[in-house]
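K.L.:
Please find input_5.csv (CSV, N, CA and C atoms) on the next line:
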chain,number,residue,atom,x,y,z
Y,1,MET,N,93.3,102.4,122.3
Y,1,MET,CA,94.4,101.6,122.8
Y,1,MET,C,93.9,100.8,124.0
Y,2,HIS,N,94.2,99.5,124.1
Y,2,HIS,CA,93.8,98.7,125.2
Y,2,HIS,C,94.6,99.1,126.4
Y,3,PRO,N,94.0,99.1,127.6
Y,3,PRO,CA,94.6,99.6,128.8
Y,3,PRO,C,95.9,98.8,129.2
Y,4,LEU,N,96.1,97.6,128.7
Y,4,LEU,CA,97.3,96.8,129.1
Y,4,LEU,C,98.5,97.1,128.2
Y,5,VAL,N,98.2,97.8,127.1
Y,5,VAL,CA,99.3,98.1,126.2
Y,5,VAL,C,100.4,98.9,126.9
Y,6,GLY,N,101.6,98.4,126.9
Y,6,GLY,CA,102.7,99.1,127.6
Y,6,GLY,C,103.7,98.1,128.1
Y,7,SER,N,104.8,98.7,128.7
Y,7,SER,CA,105.8,97.9,129.3
Y,7,SER,C,105.6,98.0,130.8
Y,8,TRP,N,105.5,96.9,131.5
Y,8,TRP,CA,105.2,96.9,133.0
Y,8,TRP,C,106.4,96.2,133.7
Y,9,SER,N,106.7,96.7,134.9
Y,9,SER,CA,107.8,96.2,135.7
Y,9,SER,C,107.5,95.8,137.1
Y,10,ILE,N,108.1,94.7,137.6
Y,10,ILE,CA,107.9,94.4,139.0
Y,10,ILE,C,108.7,95.3,139.9
Y,11,ASP,N,110.0,95.6,139.4
Y,11,ASP,CA,110.9,96.3,140.2
Y,11,ASP,C,110.4,97.7,140.7
Y,12,CYS,N,109.6,98.3,139.9
Y,12,CYS,CA,109.1,99.7,140.2
Y,12,CYS,C,108.2,99.6,141.4
Y,13,LEU,N,107.7,98.4,141.8
Y,13,LEU,CA,106.8,98.3,142.9
Y,13,LEU,C,107.5,98.2,144.2
Y,14,TYR,N,108.9,98.1,144.2
Y,14,TYR,CA,109.6,97.8,145.4
Y,14,TYR,C,110.7,98.9,145.6
Y,15,GLY,N,110.9,99.8,144.8
Y,15,GLY,CA,111.9,100.9,145.0
Y,15,GLY,C,113.2,100.5,144.4
Y,16,PRO,N,114.1,101.5,144.4
Y,16,PRO,CA,115.4,101.3,143.8
Y,16,PRO,C,116.3,100.3,144.5
Y,17,GLY,N,117.2,99.8,143.7
Y,17,GLY,CA,118.3,98.9,144.3
Y,17,GLY,C,118.2,97.5,143.9
Y,18,ALA,N,117.1,97.0,143.3
Y,18,ALA,CA,117.1,95.6,142.9
Y,18,ALA,C,118.0,95.4,141.8
Y,19,GLN,N,118.6,94.2,141.7
Y,19,GLN,CA,119.5,93.8,140.7
Y,19,GLN,C,118.8,93.0,139.6
Y,20,GLU,N,117.6,92.8,139.7
Y,20,GLU,CA,116.8,92.1,138.7
Y,20,GLU,C,115.4,92.6,138.6
Y,21,ASP,N,114.8,92.4,137.4
Y,21,ASP,CA,113.5,92.8,137.2
Y,21,ASP,C,112.8,91.8,136.3
Y,22,THR,N,111.5,91.8,136.3
Y,22,THR,CA,110.7,91.1,135.4
Y,22,THR,C,109.8,92.1,134.6
Y,23,PHE,N,109.9,92.1,133.3
Y,23,PHE,CA,109.1,93.0,132.5
Y,23,PHE,C,108.0,92.2,131.8
Y,24,LEU,N,106.9,92.8,131.7
Y,24,LEU,CA,105.7,92.3,131.0
Y,24,LEU,C,105.3,93.3,130.0
Y,25,VAL,N,105.4,92.9,128.7
Y,25,VAL,CA,105.1,93.8,127.6
Y,25,VAL,C,103.9,93.3,126.8
Y,26,PHE,N,103.0,94.3,126.6
Y,26,PHE,CA,101.8,94.0,125.7
Y,26,PHE,C,101.9,95.0,124.6
Y,27,LYS,N,101.9,94.6,123.4
Y,27,LYS,CA,101.9,95.5,122.2
Y,27,LYS,C,100.5,95.5,121.6
Y,28,GLU,N,100.2,96.6,121.0
Y,28,GLU,CA,98.8,96.8,120.4
Y,28,GLU,C,98.5,95.7,119.3
Y,29,ASN,N,99.6,95.2,118.7
Y,29,ASN,CA,99.4,94.2,117.6
Y,29,ASN,C,99.0,92.8,118.1
Y,30,GLY,N,98.9,92.6,119.4
Y,30,GLY,CA,98.5,91.3,120.0
Y,30,GLY,C,99.7,90.4,120.3
Y,31,THR,N,100.9,91.0,120.3
Y,31,THR,CA,102.1,90.2,120.7
Y,31,THR,C,102.6,90.7,122.1
Y,32,GLY,N,103.4,90.0,122.7
Y,32,GLY,CA,104.0,90.4,124.0
Y,32,GLY,C,105.0,89.4,124.4
Y,33,TRP,N,105.6,89.8,125.6
Y,33,TRP,CA,106.6,88.9,126.2
Y,33,TRP,C,106.8,89.2,127.6
Y,34,ILE,N,107.3,88.2,128.4
Y,34,ILE,CA,107.8,88.4,129.7
Y,34,ILE,C,109.3,88.2,129.7
Y,35,GLU,N,110.0,89.1,130.3
Y,35,GLU,CA,111.5,89.1,130.3
Y,35,GLU,C,112.0,89.1,131.7
Y,36,LEU,N,112.8,88.2,132.1
Y,36,LEU,CA,113.5,88.2,133.4
Y,36,LEU,C,114.9,88.7,133.1
Y,37,ALA,N,115.3,89.8,133.7
Y,37,ALA,CA,116.6,90.4,133.5
Y,37,ALA,C,117.3,90.5,134.9
Y,38,HIS,N,118.5,90.0,134.9
Y,38,HIS,CA,119.4,90.1,136.0
Y,38,HIS,C,120.7,90.6,135.5
Y,39,TYR,N,120.9,91.9,135.4
Y,39,TYR,CA,121.9,92.7,134.7
Y,39,TYR,C,121.8,92.5,133.2
Y,40,VAL,N,121.5,91.3,132.7
Y,40,VAL,CA,121.2,91.1,131.3
Y,40,VAL,C,120.0,90.2,131.2
Y,41,THR,N,119.4,90.1,130.0
Y,41,THR,CA,118.2,89.3,129.8
Y,41,THR,C,118.6,87.8,130.1
Y,42,CYS,N,117.9,87.2,131.0
Y,42,CYS,CA,118.1,85.8,131.3
Y,42,CYS,C,117.1,84.8,130.7
Y,43,GLU,N,115.9,85.2,130.6
Y,43,GLU,CA,114.8,84.4,130.1
Y,43,GLU,C,113.8,85.3,129.4
Y,44,VAL,N,113.2,84.8,128.3
Y,44,VAL,CA,112.1,85.5,127.7
Y,44,VAL,C,111.1,84.5,127.3
Y,45,ASP,N,109.8,84.8,127.6
Y,45,ASP,CA,108.7,84.0,127.1
Y,45,ASP,C,107.8,84.9,126.2
Y,46,THR,N,107.7,84.5,124.9
Y,46,THR,CA,106.8,85.3,124.0
Y,46,THR,C,105.4,84.7,124.0
Y,47,PHE,N,104.5,85.6,123.7
Y,47,PHE,CA,103.1,85.2,123.6
Y,47,PHE,C,102.2,86.0,122.7
Y,48,ARG,N,101.1,85.5,122.4
Y,48,ARG,CA,100.0,86.3,121.7
Y,48,ARG,C,98.9,86.5,122.7
Y,49,TRP,N,98.2,87.7,122.6
Y,49,TRP,CA,97.2,88.0,123.5
Y,49,TRP,C,96.0,88.7,122.8
Y,50,GLU,N,94.9,88.6,123.4
Y,50,GLU,CA,93.7,89.3,122.9
Y,50,GLU,C,92.7,89.5,124.1
Y,51,ALA,N,91.9,90.6,123.9
Y,51,ALA,CA,90.9,90.9,124.9
Y,51,ALA,C,89.8,89.9,124.7
Y,52,THR,N,89.1,89.5,125.8
Y,52,THR,CA,87.9,88.6,125.8
Y,52,THR,C,86.7,89.4,126.0
Y,53,ARG,N,85.6,88.8,125.7
Y,53,ARG,CA,84.3,89.4,125.9
Y,53,ARG,C,84.0,89.6,127.4
Y,54,GLU,N,84.6,88.8,128.2
Y,54,GLU,CA,84.4,88.8,129.7
Y,54,GLU,C,85.2,89.9,130.3
Y,55,GLY,N,86.0,90.7,129.6
Y,55,GLY,CA,86.7,91.8,130.1
Y,55,GLY,C,88.1,91.4,130.6
Y,56,GLY,N,88.6,90.2,130.4
Y,56,GLY,CA,89.9,89.8,130.7
Y,56,GLY,C,90.7,89.7,129.4
Y,57,ILE,N,91.8,88.9,129.4
Y,57,ILE,CA,92.6,88.6,128.2
Y,57,ILE,C,92.8,87.1,128.1
Y,58,ARG,N,93.0,86.7,126.9
Y,58,ARG,CA,93.4,85.3,126.5
Y,58,ARG,C,94.9,85.4,126.1
Y,59,VAL,N,95.7,84.5,126.7
Y,59,VAL,CA,97.1,84.5,126.4
Y,59,VAL,C,97.5,83.1,125.9
Y,60,LEU,N,98.3,83.1,124.8
Y,60,LEU,CA,98.8,81.8,124.3
Y,60,LEU,C,100.3,82.0,124.1
Y,61,GLY,N,101.1,81.2,124.9
Y,61,GLY,CA,102.5,81.3,124.8
Y,61,GLY,C,103.0,80.8,123.5
Y,62,GLU,N,104.2,81.3,123.0
Y,62,GLU,CA,104.8,80.9,121.8
Y,62,GLU,C,106.1,80.2,122.0
Y,63,HIS,N,107.1,81.0,122.4
Y,63,HIS,CA,108.5,80.5,122.6
Y,63,HIS,C,109.0,80.9,123.9
Y,64,CYS,N,109.9,80.1,124.5
Y,64,CYS,CA,110.7,80.4,125.7
Y,64,CYS,C,112.1,80.3,125.3
Y,65,PHE,N,112.9,81.3,125.6
Y,65,PHE,CA,114.3,81.4,125.4
Y,65,PHE,C,115.0,81.4,126.8
Y,66,SER,N,115.8,80.4,127.1
Y,66,SER,CA,116.5,80.4,128.4
Y,66,SER,C,117.8,79.6,128.3
Y,67,ASP,N,118.8,80.2,128.9
Y,67,ASP,CA,120.1,79.5,128.9
Y,67,ASP,C,120.6,79.1,127.5
Y,68,GLY,N,120.3,79.9,126.5
Y,68,GLY,CA,120.7,79.6,125.1
Y,68,GLY,C,119.8,78.5,124.4
Y,69,GLU,N,118.8,78.1,125.1
Y,69,GLU,CA,117.9,77.1,124.5
Y,69,GLU,C,116.5,77.7,124.2
Y,70,GLU,N,115.9,77.1,123.2
Y,70,GLU,CA,114.6,77.6,122.8
Y,70,GLU,C,113.6,76.4,123.0
Y,71,SER,N,112.5,76.7,123.6
Y,71,SER,CA,111.4,75.6,123.8
Y,71,SER,C,110.1,76.3,123.6
Y,72,ALA,N,109.0,75.5,123.7
Y,72,ALA,CA,107.7,76.0,123.6
Y,72,ALA,C,107.4,76.7,124.9
Y,73,SER,N,106.7,77.8,124.9
Y,73,SER,CA,106.3,78.5,126.1
Y,73,SER,C,105.1,77.8,126.7
Y,74,GLU,N,105.1,77.8,128.0
Y,74,GLU,CA,104.0,77.1,128.7
Y,74,GLU,C,102.9,78.1,129.2
Y,75,LEU,N,103.1,79.4,128.8
Y,75,LEU,CA,102.1,80.4,129.2
Y,75,LEU,C,100.7,80.1,128.5
Y,76,SER,N,99.7,80.0,129.2
Y,76,SER,CA,98.4,79.8,128.6
Y,76,SER,C,97.3,80.2,129.6
Y,77,PHE,N,96.5,81.1,129.2
Y,77,PHE,CA,95.3,81.6,130.0
Y,77,PHE,C,94.1,81.8,129.0
Y,78,ASP,N,93.0,81.0,129.3
Y,78,ASP,CA,91.8,81.2,128.4
Y,78,ASP,C,91.1,82.5,128.8
Y,79,GLU,N,91.1,82.8,130.1
Y,79,GLU,CA,90.4,84.0,130.6
Y,79,GLU,C,91.2,84.5,131.8
Y,80,LEU,N,92.0,85.5,131.6
Y,80,LEU,CA,92.8,86.0,132.7
Y,80,LEU,C,92.3,87.4,133.1
Y,81,ALA,N,91.6,87.5,134.2
Y,81,ALA,CA,91.0,88.7,134.7
Y,81,ALA,C,92.1,89.6,135.3
Y,82,TYR,N,91.9,90.9,135.3
Y,82,TYR,CA,92.9,91.8,135.8
Y,82,TYR,C,92.2,93.1,136.2
Y,83,ARG,N,92.9,93.9,137.0
Y,83,ARG,CA,92.4,95.3,137.3
Y,83,ARG,C,93.6,96.2,137.3
Y,84,ILE,N,93.4,97.4,136.9
Y,84,ILE,CA,94.4,98.4,136.9
Y,84,ILE,C,94.0,99.6,137.8
Y,85,ALA,N,94.9,99.9,138.7
Y,85,ALA,CA,94.5,101.0,139.6
Y,85,ALA,C,95.8,101.9,139.8
Y,86,GLU,N,95.6,103.2,140.0
Y,86,GLU,CA,96.7,104.1,140.4
Y,86,GLU,C,97.2,103.8,141.8
Y,87,GLU,N,98.5,103.7,142.0
Y,87,GLU,CA,99.1,103.5,143.3
Y,87,GLU,C,100.3,104.4,143.4
Y,88,ILE,N,100.6,104.7,144.6
Y,88,ILE,CA,101.9,105.4,144.9
Y,88,ILE,C,102.9,104.3,145.2
Y,89,THR,N,103.9,104.2,144.4
Y,89,THR,CA,104.9,103.2,144.5
Y,89,THR,C,106.1,103.7,145.3
Y,90,PRO,N,107.0,102.8,145.8
Y,90,PRO,CA,108.1,103.2,146.7
Y,90,PRO,C,109.0,104.2,146.1
Y,91,ASP,N,109.0,104.4,144.8
Y,91,ASP,CA,109.9,105.4,144.2
Y,91,ASP,C,109.2,106.8,144.3
Y,92,GLY,N,108.1,106.9,145.0
Y,92,GLY,CA,107.4,108.1,145.1
Y,92,GLY,C,106.5,108.5,144.0
Y,93,GLU,N,106.5,107.7,142.9
Y,93,GLU,CA,105.6,108.0,141.8
Y,93,GLU,C,104.2,107.4,141.9
Y,94,THR,N,103.3,108.1,141.4
Y,94,THR,CA,101.9,107.5,141.2
Y,94,THR,C,101.8,107.0,139.8
Y,95,ARG,N,101.6,105.7,139.8
Y,95,ARG,CA,101.5,105.0,138.5
Y,95,ARG,C,100.5,104.0,138.4
Y,96,PRO,N,100.0,103.6,137.2
Y,96,PRO,CA,99.1,102.5,137.1
Y,96,PRO,C,99.8,101.2,137.5
Y,97,VAL,N,99.1,100.4,138.3
Y,97,VAL,CA,99.6,99.0,138.7
Y,97,VAL,C,98.5,98.0,138.2
Y,98,VAL,N,99.0,97.0,137.5
Y,98,VAL,CA,98.0,95.9,137.1
Y,98,VAL,C,98.2,94.8,138.1
Y,99,THR,N,97.0,94.3,138.5
Y,99,THR,CA,97.0,93.1,139.3
Y,99,THR,C,96.1,92.0,138.6
Y,100,PHE,N,96.7,90.9,138.4
Y,100,PHE,CA,96.0,89.8,137.7
Y,100,PHE,C,95.3,88.9,138.7
Y,101,ALA,N,94.3,88.3,138.4
Y,101,ALA,CA,93.5,87.4,139.3
Y,101,ALA,C,94.2,86.2,139.7
Y,102,GLN,N,95.2,85.8,138.9
Y,102,GLN,CA,96.0,84.6,139.3
Y,102,GLN,C,97.5,84.9,138.9
Y,103,PRO,N,98.4,84.1,139.5
Y,103,PRO,CA,99.8,84.4,139.1
Y,103,PRO,C,100.0,84.1,137.6
Y,104,VAL,N,100.8,85.0,137.0
Y,104,VAL,CA,101.1,85.0,135.6
Y,104,VAL,C,102.4,84.2,135.3
Y,105,TRP,N,103.4,84.5,136.1
Y,105,TRP,CA,104.8,84.0,135.9
Y,105,TRP,C,105.5,83.8,137.2
Y,106,PHE,N,105.9,82.7,137.6
Y,106,PHE,CA,106.6,82.4,138.8
Y,106,PHE,C,106.0,83.1,140.0
Y,107,GLY,N,104.7,83.0,140.1
Y,107,GLY,CA,104.0,83.5,141.3
Y,107,GLY,C,103.7,85.0,141.2
Y,108,ASN,N,104.1,85.7,140.2
Y,108,ASN,CA,103.9,87.1,140.1
Y,108,ASN,C,102.5,87.5,139.5
Y,109,ARG,N,101.9,88.4,140.2
Y,109,ARG,CA,100.5,88.9,139.8
Y,109,ARG,C,100.5,90.4,139.6
Y,110,ARG,N,101.5,91.1,140.0
Y,110,ARG,CA,101.5,92.6,140.0
Y,110,ARG,C,102.7,93.2,139.3
Y,111,TRP,N,102.4,94.2,138.4
Y,111,TRP,CA,103.4,94.9,137.7
Y,111,TRP,C,103.0,96.4,137.7
Y,112,GLY,N,104.0,97.3,137.7
Y,112,GLY,CA,103.7,98.7,137.6
Y,112,GLY,C,104.1,99.2,136.2
Y,113,LEU,N,103.4,100.1,135.7
Y,113,LEU,CA,103.6,100.6,134.3
Y,113,LEU,C,104.8,101.5,134.2
Y,114,LEU,N,105.7,101.1,133.3
Y,114,LEU,CA,106.9,101.9,133.0
Y,114,LEU,C,106.6,102.9,131.9
Y,115,THR,N,106.0,102.4,130.8
Y,115,THR,CA,105.7,103.3,129.6
Y,115,THR,C,104.6,102.6,128.8
Y,116,ARG,N,103.8,103.5,128.1
Y,116,ARG,CA,102.8,103.0,127.2
Y,116,ARG,C,103.4,103.0,125.8
Y,117,ASP,N,104.6,103.6,125.6
Y,117,ASP,CA,105.2,103.7,124.3
Y,117,ASP,C,106.1,102.5,124.0
Y,118,VAL,N,105.5,101.5,123.4
Y,118,VAL,CA,106.2,100.2,123.1
Y,118,VAL,C,106.3,99.9,121.7
Y,119,VAL,N,106.0,100.9,120.8
Y,119,VAL,CA,106.0,100.7,119.4
Y,119,VAL,C,107.4,100.3,118.9
Y,120,GLU,N,108.4,100.9,119.5
Y,120,GLU,CA,109.8,100.6,119.1
Y,120,GLU,C,110.4,99.4,119.8
Y,121,LEU,N,109.8,98.9,120.9
Y,121,LEU,CA,110.3,97.8,121.6
Y,121,LEU,C,110.3,96.5,120.8
Y,122,ALA,N,111.4,95.8,120.8
Y,122,ALA,CA,111.4,94.5,120.1
Y,122,ALA,C,111.7,93.4,121.1
Y,123,VAL,N,111.2,92.2,120.8
Y,123,VAL,CA,111.4,91.0,121.7
Y,123,VAL,C,112.9,90.8,121.8
Y,124,PRO,N,113.3,90.7,123.1
Y,124,PRO,CA,114.7,90.3,123.3
Y,124,PRO,C,115.0,88.9,122.7
Y,125,GLY,N,115.8,88.8,121.7
Y,125,GLY,CA,116.1,87.5,121.1
Y,125,GLY,C,117.2,86.8,121.8
Y,126,PRO,N,117.5,85.5,121.3
Y,126,PRO,CA,118.5,84.7,121.9
Y,126,PRO,C,119.9,85.4,121.9
Y,127,ALA,N,120.2,86.3,121.0
Y,127,ALA,CA,121.5,87.0,120.9
Y,127,ALA,C,121.7,87.9,122.1
Y,128,ARG,N,120.5,88.4,122.7
Y,128,ARG,CA,120.7,89.3,123.9
Y,128,ARG,C,120.7,88.5,125.2
Y,129,LEU,N,120.4,87.2,125.2
Y,129,LEU,CA,120.4,86.5,126.4
Y,129,LEU,C,121.8,86.4,127.0
Y,130,GLY,N,121.9,86.6,128.3
Y,130,GLY,CA,123.2,86.5,128.9
Y,130,GLY,C,123.6,85.2,129.4
Y,131,GLY,N,122.8,84.1,129.2
Y,131,GLY,CA,123.1,82.8,129.7
Y,131,GLY,C,124.4,82.3,129.3
Represent the structure contained in this file as structure tokens.
P.N.:
Amino acid sequence: MHPLVGSWSIDCLYGPGAQEDTFLVFKENGTGWIELAHYVTCEVDTFRWEATREGGIRVLGEHCFSDGEESASELSFDELAYRIAEEITPDGETRPVVTFAQPVWFGNRRWGLLTRDVVELAVPGPARLGG
């Protein structure tokens, strides 16, 4: 299993109480998505990804769903370097944290691992968007 496979969260890096979160999901089959949730899903960017020979990942955006509209995703990285390290997060848990070499989405570079079990996770579709 690739070390990025899983569901990653920004909120778990800052402790409880936030009313929104950004999830980054990598599935073993080379698909994934970024989801902004503020009580409900507000925006989703879907993408395809693959490991590169240089040790990073290549990401190609597919679709963006926002405010009931669908458009092409602007996510695109030919070589996105990252590192994963165990950190103690504000919730008191020790968890893997991924840090990307450059911002991935709206300036965000860091996510904490929520779970590696993403087999049953499905892309949040337009019907789930709260817009």
K.L.:
May I ask for the distance between atom C of Arg58 in chain Y and atom C of Asp78 in chain Y, given in Å to one decimal place?
P.N.:
5.5 Å
K.L.:
Tell me which residues come within 8 Å of (99.3, 76.4, 129.5), as a compact mmCIF listing (two decimals) with N, CA and C atoms, keeping the file's coordinate frame, counting all atoms listed in the file in the file's coordinates.
P.N.:
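Result written to point_12.txt:
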# COMPACT_ATOMS: atom_id res chain seq x y z
N VAL Y 59 95.70 84.50 126.70
CA VAL Y 59 97.10 84.50 126.40
C VAL Y 59 97.50 83.10 125.90
N LEU Y 60 98.30 83.10 124.80
CA LEU Y 60 98.80 81.80 124.30
C LEU Y 60 100.30 82.00 124.10
N GLY Y 61 101.10 81.20 124.90
CA GLY Y 61 102.50 81.30 124.80
C GLY Y 61 103.00 80.80 123.50
N SER Y 73 106.70 77.80 124.90
CA SER Y 73 106.30 78.50 126.10
C SER Y 73 105.10 77.80 126.70
N GLU Y 74 105.10 77.80 128.00
CA GLU Y 74 104.00 77.10 128.70
C GLU Y 74 102.90 78.10 129.20
N LEU Y 75 103.10 79.40 128.80
CA LEU Y 75 102.10 80.40 129.20
C LEU Y 75 100.70 80.10 128.50
N SER Y 76 99.70 80.00 129.20
CA SER Y 76 98.40 79.80 128.60
C SER Y 76 97.30 80.20 129.60
N PHE Y 77 96.50 81.10 129.20
CA PHE Y 77 95.30 81.60 130.00
C PHE Y 77 94.10 81.80 129.00
N ASP Y 78 93.00 81.00 129.30
CA ASP Y 78 91.80 81.20 128.40
C ASP Y 78 91.10 82.50 128.80
K.L.:
Would you list the contacts of range 20-35 of chain Y as a list in words, taking every protein, DNA or RNA residue within 6 Å and counting all atoms listed in the file, but skipping same-chain residues closer than 2 positions in sequence?
P.N.:
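Close residues of range 20-35 of chain Y: Leu4, Val5, Gly6, Ser7, Trp8, Ser9, Ile10, Asp11, Ala18, Ala37, His38, Tyr39, Glu43, Val44, Asp45, Thr46, Phe47, Arg48, Trp49 and Glu50 of chain Y.
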K.L.:
Which residue, Y:Glu79, Y:Glu87, Y:Glu70, Y:Glu54, has the smallest gap to Trp111 in chain Y when you use only C-alpha atoms?
P.N.:
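Among the listed residues, Y:Glu87 lies closest to Trp111 in chain Y.
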K.L.:
For Thr41 in chain Y, which residue out of Y:Met1, Y:Arg116, Y:Arg110, Y:Pro124 is the nearest one, using all atoms listed in the file?
P.N.:
Y:Pro124
K.L.:
Could you tell me how far CA of Gly55 in chain Y lies from CA of Ala81 in chain Y, in Å and to one decimal?
P.N.:
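So the two atoms, CA of Gly55 in chain Y and CA of Ala81 in chain Y, lie 7.0 Å apart.
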K.L.:
Find the distance between CA of Glu86 in chain Y and atom N of Leu113 in chain Y and write it in Å to one decimal.
P.N.:
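Computing it gives 9.1 Å between the two atoms.
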K.L.:
Hey, what does DSSP flag as strand (DSSP E) within chain Y? Can you give it to me as a ChimeraX atom specification?
P.N.:
/Y:6-9,20-26,31-38,40-51,57-66,69-72,76-80,82-88,94-100,110-115
